[in-house]
file structure.pdb (PDB, C-alpha atoms)
MODEL        1
ATOM      1  CA  MET U 199       1.209  20.005 -18.989
ATOM      2  CA  GLY U 200      -1.514  18.858 -16.583
ATOM      3  CA  ALA U 201      -1.341  15.906 -14.258
ATOM      4  CA  ILE U 202      -0.815  12.475 -15.795
ATOM      5  CA  GLN U 203      -3.836  11.077 -13.965
ATOM      6  CA  ASP U 204      -6.084  13.868 -15.235
ATOM      7  CA  ALA U 205      -5.375  12.653 -18.769
ATOM      8  CA  TYR U 206      -6.665   9.111 -18.096
ATOM      9  CA  ALA U 207      -9.921   8.273 -19.888
ATOM     10  CA  ASP U 208     -13.113   8.606 -17.862
ATOM     11  CA  ASP U 209     -13.577   4.827 -17.792
ATOM     12  CA  VAL U 210     -10.298   4.383 -15.946
ATOM     13  CA  GLY U 211     -10.315   7.598 -13.904
ATOM     14  CA  HIS U 212     -11.878   6.268 -10.694
ATOM     15  CA  CYS U 213      -8.821   4.982  -8.847
ATOM     16  CA  TYR U 214      -9.095   5.617  -5.091
ATOM     17  CA  GLY U 215      -5.454   6.675  -5.030
ATOM     18  CA  CYS U 216      -5.331   8.991  -8.029
ATOM     19  CA  GLY U 217      -8.577   9.089 -10.024
ATOM     20  CA  ARG U 218      -9.995  12.540 -10.630
ATOM     21  CA  LEU U 219     -13.479  10.949 -10.666
ATOM     22  CA  ASN U 220     -13.271   9.339  -7.206
ATOM     23  CA  PRO U 221     -14.568  11.906  -4.683
ATOM     24  CA  HIS U 222     -13.520   9.731  -1.709
ATOM     25  CA  GLY U 223      -9.902   9.147  -2.681
ATOM     26  CA  HIS U 224      -6.487  10.762  -2.417
ATOM     27  CA  ARG U 225      -6.486  12.209  -5.965
ATOM     28  CA  LEU U 226      -2.734  12.129  -6.274
ATOM     29  CA  LYS U 227      -1.481  14.294  -9.156
ATOM     30  CA  SER U 228       1.784  13.337 -10.835
ATOM     31  CA  TYR U 229       3.504  15.653 -13.304
ATOM     32  CA  TRP U 230       5.816  14.489 -16.065
ATOM     33  CA  ARG U 231       8.723  16.674 -17.083
ATOM     34  CA  ASP U 232      12.088  15.870 -18.622
ATOM     35  CA  GLY U 233      11.737  12.145 -18.118
ATOM     36  CA  VAL U 234      10.828  12.271 -14.438
ATOM     37  CA  ALA U 235       7.431  12.172 -12.694
ATOM     38  CA  GLU U 236       6.934  14.311  -9.606
ATOM     39  CA  ALA U 237       4.072  14.630  -7.150
ATOM     40  CA  ARG U 238       3.328  16.266  -3.842
ATOM     41  CA  HIS U 239       0.791  15.094  -1.295
ATOM     42  CA  THR U 240      -0.035  15.862   2.315
ATOM     43  CA  PRO U 241      -1.762  12.962   4.110
ATOM     44  CA  GLU U 242      -4.651  13.688   6.439
ATOM     45  CA  PRO U 243      -3.916  13.776  10.190
ATOM     46  CA  PHE U 244      -5.677  10.426  10.651
ATOM     47  CA  HIS U 245      -3.478   8.570   8.157
ATOM     48  CA  THR U 246      -1.260   7.501  11.032
ATOM     49  CA  ALA U 247       0.716   4.389  11.848
ATOM     50  CA  ILE U 248       2.207   4.979  15.266
ATOM     51  CA  PRO U 249       0.981   8.482  16.233
ATOM     52  CA  GLY U 250       3.159  11.118  14.554
ATOM     53  CA  PHE U 251       4.008   9.014  11.506
ATOM     54  CA  VAL U 252       2.330   8.170   8.214
ATOM     55  CA  TYR U 253       1.093   4.598   7.983
ATOM     56  CA  GLY U 254       2.798   2.244   5.587
ATOM     57  CA  GLY U 255      -0.323   1.536   3.573
ATOM     58  CA  MET U 256      -0.656   5.200   2.622
ATOM     59  CA  ILE U 257       2.994   5.285   1.592
ATOM     60  CA  ALA U 258       2.454   2.171  -0.525
ATOM     61  CA  SER U 259      -0.695   3.696  -2.043
ATOM     62  CA  LEU U 260       1.029   6.905  -3.082
ATOM     63  CA  ILE U 261       3.987   4.993  -4.489
ATOM     64  CA  ASP U 262       1.703   2.611  -6.370
ATOM     65  CA  CYS U 263      -0.270   5.374  -8.081
ATOM     66  CA  HIS U 264       2.822   7.439  -8.783
ATOM     67  CA  ALA U 265       4.536   4.419 -10.313
ATOM     68  CA  THR U 266       1.609   3.655 -12.624
ATOM     69  CA  GLY U 267       1.577   7.320 -13.612
ATOM     70  CA  THR U 268       5.309   7.253 -14.299
ATOM     71  CA  ALA U 269       4.829   4.190 -16.500
ATOM     72  CA  ALA U 270       1.878   5.727 -18.344
ATOM     73  CA  ALA U 271       3.859   8.871 -19.144
ATOM     74  CA  ALA U 272       7.114   7.154 -20.036
ATOM     75  CA  ALA U 273       5.444   4.585 -22.304
ATOM     76  CA  ALA U 274       3.299   7.195 -24.025
ATOM     77  CA  GLU U 275       6.306   9.413 -24.652
ATOM     78  CA  ALA U 276       8.275   6.459 -26.050
ATOM     79  CA  ALA U 277       5.375   5.499 -28.318
ATOM     80  CA  GLY U 278       4.731   9.057 -29.472
ATOM     81  CA  VAL U 279       1.118   9.039 -28.273
ATOM     82  CA  PRO U 280      -0.610  11.434 -25.858
ATOM     83  CA  VAL U 281       0.144  10.962 -22.169
ATOM     84  CA  GLY U 282      -2.894   9.316 -20.577
ATOM     85  CA  SER U 283      -3.787   7.172 -23.570
ATOM     86  CA  LEU U 284      -1.907   4.144 -22.199
ATOM     87  CA  ARG U 285      -2.975   2.856 -18.771
ATOM     88  CA  PHE U 286      -0.725   0.676 -16.647
ATOM     89  CA  VAL U 287      -1.377  -1.471 -13.575
ATOM     90  CA  THR U 288       1.027  -2.793 -10.976
ATOM     91  CA  ALA U 289       2.410  -6.310 -11.313
ATOM     92  CA  ARG U 290       5.029  -6.114  -8.570
ATOM     93  CA  LEU U 291       5.892  -3.588  -5.914
ATOM     94  CA  GLU U 292       9.010  -3.722  -3.734
ATOM     95  CA  ILE U 293       9.168  -1.052  -1.064
ATOM     96  CA  ASP U 294      11.971  -0.355   1.368
ATOM     97  CA  TYR U 295      10.817   1.737   4.296
ATOM     98  CA  LEU U 296      14.029   3.635   4.978
ATOM     99  CA  ALA U 297      12.973   5.881   7.839
ATOM    100  CA  PRO U 298       9.741   6.803   9.631
ATOM    101  CA  THR U 299       7.672   9.322   7.619
ATOM    102  CA  PRO U 300       6.468  12.254   9.738
ATOM    103  CA  ILE U 301       2.817  13.218   9.433
ATOM    104  CA  GLY U 302       1.676  16.804   9.026
ATOM    105  CA  CYS U 303       4.070  17.789   6.273
ATOM    106  CA  GLU U 304       4.028  17.608   2.489
ATOM    107  CA  LEU U 305       5.467  14.448   0.977
ATOM    108  CA  THR U 306       7.216  14.503  -2.385
ATOM    109  CA  LEU U 307       7.418  11.628  -4.841
ATOM    110  CA  ARG U 308       9.885  11.244  -7.654
ATOM    111  CA  GLY U 309       9.417   8.535 -10.267
ATOM    112  CA  VAL U 310      12.138   7.547 -12.707
ATOM    113  CA  PRO U 311      11.584   4.938 -15.428
ATOM    114  CA  LEU U 312      14.336   2.302 -15.439
ATOM    115  CA  GLU U 313      13.056   0.215 -18.371
ATOM    116  CA  VAL U 314      10.376   1.284 -20.827
ATOM    117  CA  GLY U 315       8.706  -1.298 -23.053
ATOM    118  CA  ALA U 316       5.417  -1.162 -24.901
ATOM    119  CA  ARG U 317       3.754  -3.479 -22.401
ATOM    120  CA  LYS U 318       6.045  -3.366 -19.369
ATOM    121  CA  VAL U 319       7.771  -0.565 -17.528
ATOM    122  CA  VAL U 320      10.052  -0.756 -14.500
ATOM    123  CA  ALA U 321      10.188   2.385 -12.388
ATOM    124  CA  GLU U 322      11.907   3.565  -9.249
ATOM    125  CA  VAL U 323       9.926   5.799  -6.921
ATOM    126  CA  THR U 324      11.354   7.695  -3.966
ATOM    127  CA  LEU U 325       9.103   9.225  -1.330
ATOM    128  CA  SER U 326      10.638  12.022   0.727
ATOM    129  CA  ALA U 327       9.624  14.236   3.640
ATOM    130  CA  ARG U 328      11.508  17.301   4.840
ATOM    131  CA  GLY U 329      14.153  16.684   2.192
ATOM    132  CA  GLU U 330      14.956  13.158   3.345
ATOM    133  CA  ALA U 331      14.116   9.920   1.518
ATOM    134  CA  ARG U 332      11.712   7.866   3.663
ATOM    135  CA  ALA U 333      10.784   5.064   1.275
ATOM    136  CA  ARG U 334      12.156   3.807  -2.005
ATOM    137  CA  ALA U 335      10.435   1.377  -4.330
ATOM    138  CA  ARG U 336      10.981  -0.580  -7.492
ATOM    139  CA  ALA U 337       7.749  -1.216  -9.330
ATOM    140  CA  VAL U 338       6.956  -3.404 -12.308
ATOM    141  CA  LEU U 339       4.038  -2.010 -14.258
ATOM    142  CA  VAL U 340       2.210  -3.698 -17.114
ATOM    143  CA  ARG U 341      -0.328  -2.448 -19.641
ATOM    144  CA  MET U 342      -3.815  -2.804 -18.283
ATOM    145  CA  PRO U 343      -5.033  -6.256 -19.343
ATOM    146  CA  GLU U 344      -8.191  -6.548 -21.456
ATOM    147  CA  THR U 345      -9.803  -8.514 -18.624
ATOM    148  CA  MET U 346      -9.781  -5.344 -16.530
ATOM    149  CA  THR U 347     -11.442  -3.133 -19.123
ATOM    150  CA  PRO U 348     -14.655  -1.800 -17.627
ATOM    151  CA  PRO U 349     -17.824  -2.797 -19.459
ATOM    152  CA  ALA U 350     -18.955  -0.315 -22.090
ATOM    153  CA  ARG U 351     -21.673   1.986 -20.874
ATOM    154  CA  GLY U 352     -24.819   2.525 -22.907
TER     155      GLY U 352
ATOM    156  CA  MET N  64      -8.471 -15.166  21.480
ATOM    157  CA  GLY N  65      -9.351 -11.670  20.251
ATOM    158  CA  ALA N  66      -7.783  -9.862  17.328
ATOM    159  CA  ILE N  67      -4.043  -9.256  17.443
ATOM    160  CA  GLN N  68      -4.526  -5.542  16.785
ATOM    161  CA  ASP N  69      -7.000  -5.198  19.634
ATOM    162  CA  ALA N  70      -4.229  -6.276  21.991
ATOM    163  CA  TYR N  71      -1.881  -3.448  20.968
ATOM    164  CA  ALA N  72      -1.335  -0.823  23.671
ATOM    165  CA  ASP N  73      -3.427   2.343  23.404
ATOM    166  CA  ASP N  74      -0.367   4.414  22.463
ATOM    167  CA  VAL N  75       0.173   2.324  19.343
ATOM    168  CA  GLY N  76      -3.456   1.511  18.547
ATOM    169  CA  HIS N  77      -4.162   4.348  16.078
ATOM    170  CA  CYS N  78      -2.982   2.819  12.811
ATOM    171  CA  TYR N  79      -5.213   3.852   9.916
ATOM    172  CA  GLY N  80      -5.109   0.318   8.586
ATOM    173  CA  CYS N  81      -5.741  -1.655  11.749
ATOM    174  CA  GLY N  82      -5.911   0.491  14.879
ATOM    175  CA  ARG N  83      -9.008   0.035  17.012
ATOM    176  CA  LEU N  84      -8.640   3.684  18.089
ATOM    177  CA  ASN N  85      -8.703   5.190  14.583
ATOM    178  CA  PRO N  86     -12.357   5.905  13.732
ATOM    179  CA  HIS N  87     -11.478   6.809  10.106
ATOM    180  CA  GLY N  88      -9.516   3.693   9.200
ATOM    181  CA  HIS N  89     -10.009   0.163   7.963
ATOM    182  CA  ARG N  90      -9.736  -1.483  11.400
ATOM    183  CA  LEU N  91      -8.424  -4.749  10.021
ATOM    184  CA  LYS N  92      -8.663  -7.586  12.553
ATOM    185  CA  SER N  93      -6.173 -10.434  12.317
ATOM    186  CA  TYR N  94      -6.577 -13.608  14.352
ATOM    187  CA  TRP N  95      -3.708 -15.868  15.373
ATOM    188  CA  ARG N  96      -4.282 -19.579  15.596
ATOM    189  CA  ASP N  97      -1.968 -22.552  15.245
ATOM    190  CA  GLY N  98       0.905 -20.490  13.896
ATOM    191  CA  VAL N  99      -1.083 -18.720  11.175
ATOM    192  CA  ALA N 100      -2.734 -15.288  11.122
ATOM    193  CA  GLU N 101      -6.042 -14.916   9.322
ATOM    194  CA  ALA N 102      -8.210 -11.905   8.546
ATOM    195  CA  ARG N 103     -11.259 -11.027   6.506
ATOM    196  CA  HIS N 104     -12.085  -7.632   5.101
ATOM    197  CA  THR N 105     -14.551  -6.215   2.592
ATOM    198  CA  PRO N 106     -13.362  -2.965   0.990
ATOM    199  CA  GLU N 107     -15.821  -0.138   0.440
ATOM    200  CA  PRO N 108     -17.311   0.259  -3.056
ATOM    201  CA  PHE N 109     -15.173   3.357  -3.666
ATOM    202  CA  HIS N 110     -11.862   1.577  -2.998
ATOM    203  CA  THR N 111     -11.543   0.960  -6.721
ATOM    204  CA  ALA N 112      -8.670   0.877  -9.162
ATOM    205  CA  ILE N 113     -10.225   0.333 -12.546
ATOM    206  CA  PRO N 114     -13.989   0.112 -11.854
ATOM    207  CA  GLY N 115     -14.870  -3.369 -10.623
ATOM    208  CA  PHE N 116     -11.519  -4.050  -8.980
ATOM    209  CA  VAL N 117      -9.855  -3.198  -5.670
ATOM    210  CA  TYR N 118      -7.065  -0.652  -5.956
ATOM    211  CA  GLY N 119      -3.518  -1.751  -5.341
ATOM    212  CA  GLY N 120      -2.954   0.634  -2.468
ATOM    213  CA  MET N 121      -5.762  -0.954  -0.465
ATOM    214  CA  ILE N 122      -4.340  -4.402  -1.131
ATOM    215  CA  ALA N 123      -0.913  -3.193   0.022
ATOM    216  CA  SER N 124      -2.468  -1.605   3.104
ATOM    217  CA  LEU N 125      -4.256  -4.770   4.178
ATOM    218  CA  ILE N 126      -1.161  -6.865   3.548
ATOM    219  CA  ASP N 127       1.028  -4.410   5.466
ATOM    220  CA  CYS N 128      -1.165  -4.430   8.572
ATOM    221  CA  HIS N 129      -1.731  -8.164   8.436
ATOM    222  CA  ALA N 130       2.019  -8.755   8.121
ATOM    223  CA  THR N 131       2.824  -6.588  11.153
ATOM    224  CA  GLY N 132       0.106  -8.440  13.065
ATOM    225  CA  THR N 133       1.540 -11.786  12.013
ATOM    226  CA  ALA N 134       4.969 -10.668  13.215
ATOM    227  CA  ALA N 135       3.608  -9.347  16.511
ATOM    228  CA  ALA N 136       1.845 -12.635  17.242
ATOM    229  CA  ALA N 137       4.641 -14.927  16.105
ATOM    230  CA  ALA N 138       7.336 -13.036  18.031
ATOM    231  CA  ALA N 139       5.218 -12.831  21.168
ATOM    232  CA  GLU N 140       4.490 -16.531  21.054
ATOM    233  CA  ALA N 141       8.185 -17.338  20.545
ATOM    234  CA  ALA N 142       9.139 -15.093  23.456
ATOM    235  CA  GLY N 143       6.406 -16.417  25.732
ATOM    236  CA  VAL N 144       4.868 -12.970  26.275
ATOM    237  CA  PRO N 145       1.275 -11.847  25.649
ATOM    238  CA  VAL N 146       0.293 -11.241  22.039
ATOM    239  CA  GLY N 147       0.135  -7.471  21.499
ATOM    240  CA  SER N 148       3.003  -6.633  23.827
ATOM    241  CA  LEU N 149       5.547  -6.528  20.991
ATOM    242  CA  ARG N 150       4.842  -4.099  18.146
ATOM    243  CA  PHE N 151       6.433  -4.449  14.735
ATOM    244  CA  VAL N 152       6.738  -2.077  11.778
ATOM    245  CA  THR N 153       7.442  -2.812   8.134
ATOM    246  CA  ALA N 154      10.978  -2.562   6.821
ATOM    247  CA  ARG N 155      10.398  -4.086   3.385
ATOM    248  CA  LEU N 156       7.333  -5.165   1.477
ATOM    249  CA  GLU N 157       7.410  -7.144  -1.779
ATOM    250  CA  ILE N 158       4.014  -7.679  -3.364
ATOM    251  CA  ASP N 159       3.191  -9.670  -6.463
ATOM    252  CA  TYR N 160      -0.209  -8.766  -7.855
ATOM    253  CA  LEU N 161      -1.184 -12.141  -9.283
ATOM    254  CA  ALA N 162      -4.644 -11.385 -10.627
ATOM    255  CA  PRO N 163      -7.157  -8.520 -10.489
ATOM    256  CA  THR N 164      -9.036  -8.419  -7.160
ATOM    257  CA  PRO N 165     -12.807  -8.067  -7.604
ATOM    258  CA  ILE N 166     -14.551  -5.464  -5.489
ATOM    259  CA  GLY N 167     -17.778  -6.149  -3.619
ATOM    260  CA  CYS N 168     -16.732  -9.412  -2.007
ATOM    261  CA  GLU N 169     -14.939 -10.391   1.178
ATOM    262  CA  LEU N 170     -11.167 -10.679   0.954
ATOM    263  CA  THR N 171      -9.251 -13.160   3.073
ATOM    264  CA  LEU N 172      -5.677 -12.775   4.263
ATOM    265  CA  ARG N 173      -3.416 -15.529   5.489
ATOM    266  CA  GLY N 174      -0.098 -14.696   7.140
ATOM    267  CA  VAL N 175       2.591 -17.281   7.769
ATOM    268  CA  PRO N 176       5.834 -16.471   9.586
ATOM    269  CA  LEU N 177       8.892 -17.665   7.645
ATOM    270  CA  GLU N 178      11.560 -16.494  10.098
ATOM    271  CA  VAL N 179      10.943 -15.386  13.673
ATOM    272  CA  GLY N 180      13.622 -13.475  15.538
ATOM    273  CA  ALA N 181      13.359 -11.261  18.598
ATOM    274  CA  ARG N 182      13.784  -8.102  16.521
ATOM    275  CA  LYS N 183      13.024  -9.234  12.971
ATOM    276  CA  VAL N 184      10.330 -11.399  11.449
ATOM    277  CA  VAL N 185       9.849 -12.406   7.815
ATOM    278  CA  ALA N 186       6.291 -13.285   6.859
ATOM    279  CA  GLU N 187       4.419 -14.367   3.768
ATOM    280  CA  VAL N 188       0.929 -12.978   3.284
ATOM    281  CA  THR N 189      -1.554 -14.182   0.675
ATOM    282  CA  LEU N 190      -4.659 -12.166  -0.151
ATOM    283  CA  SER N 191      -7.490 -14.106  -1.779
ATOM    284  CA  ALA N 192     -10.928 -13.377  -3.187
ATOM    285  CA  ARG N 193     -13.523 -15.963  -4.144
ATOM    286  CA  GLY N 194     -11.084 -18.708  -3.216
ATOM    287  CA  GLU N 195      -8.339 -17.535  -5.555
ATOM    288  CA  ALA N 196      -5.039 -15.929  -4.564
ATOM    289  CA  ARG N 197      -4.909 -12.380  -5.944
ATOM    290  CA  ALA N 198      -1.747 -11.036  -4.301
ATOM    291  CA  ARG N 199       1.147 -12.615  -2.465
ATOM    292  CA  ALA N 200       3.713 -10.753  -0.421
ATOM    293  CA  ARG N 201       6.920 -11.273   1.470
ATOM    294  CA  ALA N 202       7.317  -8.763   4.265
ATOM    295  CA  VAL N 203      10.253  -7.977   6.520
ATOM    296  CA  LEU N 204       9.052  -6.654   9.860
ATOM    297  CA  VAL N 205      11.209  -5.176  12.605
ATOM    298  CA  ARG N 206      10.513  -4.286  16.222
ATOM    299  CA  MET N 207       9.214  -0.751  16.461
ATOM    300  CA  PRO N 208      12.277   1.482  16.908
ATOM    301  CA  GLU N 209      12.540   3.696  19.967
ATOM    302  CA  THR N 210      12.494   6.730  17.673
ATOM    303  CA  MET N 211       8.885   5.929  16.807
ATOM    304  CA  THR N 212       7.662   5.663  20.368
ATOM    305  CA  PRO N 213       4.921   8.235  20.843
ATOM    306  CA  PRO N 214       5.600  10.884  23.457
ATOM    307  CA  ALA N 215       4.269  10.017  26.896
ATOM    308  CA  ARG N 216       0.951  11.627  27.658
ATOM    309  CA  GLY N 217       0.355  13.453  30.912
TER     310      GLY N 217
ENDMDL
END
call {"tool": "encode", "arguments": {"input": "structure.pdb", "output": "structure tokens"}}
result
Amino acid sequence: MGAIQDAYADDVGHCYGCGRLNPHGHRLKSYWRDGVAEARHTPEPFHTAIPGFVYGGMIASLIDCHATGTAAAAAAEAAGVPVGSLRFVTARLEIDYLAPTPIGCELTLRGVPLEVGARKVVAEVTLSARGEARARARAVLVRMPETMTPPARG
Amino acid sequence: MGAIQDAYADDVGHCYGCGRLNPHGHRLKSYWRDGVAEARHTPEPFHTAIPGFVYGGMIASLIDCHATGTAAAAAAEAAGVPVGSLRFVTARLEIDYLAPTPIGCELTLRGVPLEVGARKVVAEVTLSARGEARARARAVLVRMPETMTPPARG
């Protein structure tokens, strides 16, 4: 199966963090298998906090997009609809920065759904580098509200 | 007084979110006055989530850097040392996304220290657009650990 984000509709595929249609962004790709979402990403050398380490905003960005992807996949699977047909946004994000994240190496993300409802999903995401957890988050994701639906295009 | 981030030492002035020495980054500038840190920032048009709205990772990034700036200023003031001489990093970040954040307008950030210790600060940061709060965060900031000190340069 392809990436969760690549299955999002065109209208909602422009996210700077993970949209396949945003040429400027990070284009994170999360893959859903056996109830877990996984992703790999290597930040650019300039995504630094203190030199040598990844800045916290990038870590939050990757976790945010991976969490919404985890929710999209888990909710779609539970509803028996194609992955990508349900789009979630973040309502709450709690991140513990456990250890500095070295720059220059591939980061891995693992997303596990903790609660899966039709309109709300809670997920845990762990970001690791060199086999060690560097940040762990609990995210509350909700179905994209109608007020965020992009205007129809003619 | 100039921006808090512009007072950071050169060795720790490369943050992608707020470092004056990172030509690729957002270069957020937070100003400390009367016990409150304030900043203004207009994201680029491509920093989208769903089209029309700012993506959550950017909001987290701005909040993260503004919170560390708030901590740096509050702790320096409490210690009677120059603002910028103490550098903080994020240990925990809790963000509630209250309402979608429109893109294309200036965002304002307001950081208020809730607890100020020599090694740990807790701050609340509110991000607003068009006069309405869009995200509110509680951040736990700690003094930059020795293990993150960049290597001395010759």
call {"tool": "interface_residues", "arguments": {"input": "structure.pdb", "of": "chain N", "to": "chain U", "cutoff": "8 Å", "atoms": "only C-alpha atoms", "output": "PyMOL selection string"}}
result
chain N and resi 74-80+85+87-88+109-116+118-121+123-125+127-128+153-161+163+211-213
call {"tool": "atom_distance", "arguments": {"input": "structure.pdb", "atom1": "CA of Glu313 (chain U)", "atom2": "CA of His264 (chain U)"}}
result
15.8 Å
call {"tool": "resolve_selection", "arguments": {"input": "structure.pdb", "expression": "the PyMOL selection byres ((chain N and resi 205) around 6)", "output": "list in words"}}
result
Phe151, Val152, Arg182, Lys183, Leu204 and Arg206 of chain N
call {"tool": "residues_around", "arguments": {"input": "structure.pdb", "residues": "Thr306 (chain U)", "least_positions_apart": "6", "cutoff": "7 Å", "atoms": "all atoms listed in the file", "output": "short mmCIF file (atom, residue, chain, number, x, y, z; two decimals) with C-alpha atoms, in the frame of the given file"}}
result
data_model
loop_
_atom_site.label_atom_id
_atom_site.label_comp_id
_atom_site.auth_asym_id
_atom_site.auth_seq_id
_atom_site.Cartn_x
_atom_site.Cartn_y
_atom_site.Cartn_z
CA ALA U 237 4.07 14.63 -7.15
CA ARG U 238 3.33 16.27 -3.84
CA HIS U 239 0.79 15.09 -1.30
CA LEU U 325 9.10 9.22 -1.33
CA SER U 326 10.64 12.02 0.73
CA ALA U 327 9.62 14.24 3.64
#
call {"tool": "residues_around", "arguments": {"input": "structure.pdb", "residues": "Ile202 (chain U)", "least_positions_apart": "4", "cutoff": "9 Å", "atoms": "all atoms listed in the file", "output": "list in words"}}
result
Tyr206, Lys227, Ser228, Tyr229, Trp230, Ala235, Gly267, Thr268, Ala270, Ala271, Val281 and Gly282 of chain U
call {"tool": "atom_distance", "arguments": {"input": "structure.pdb", "atom1": "CA of Ala72 (chain N)", "atom2": "CA of Ala181 (chain N)"}}
result
18.7 Å
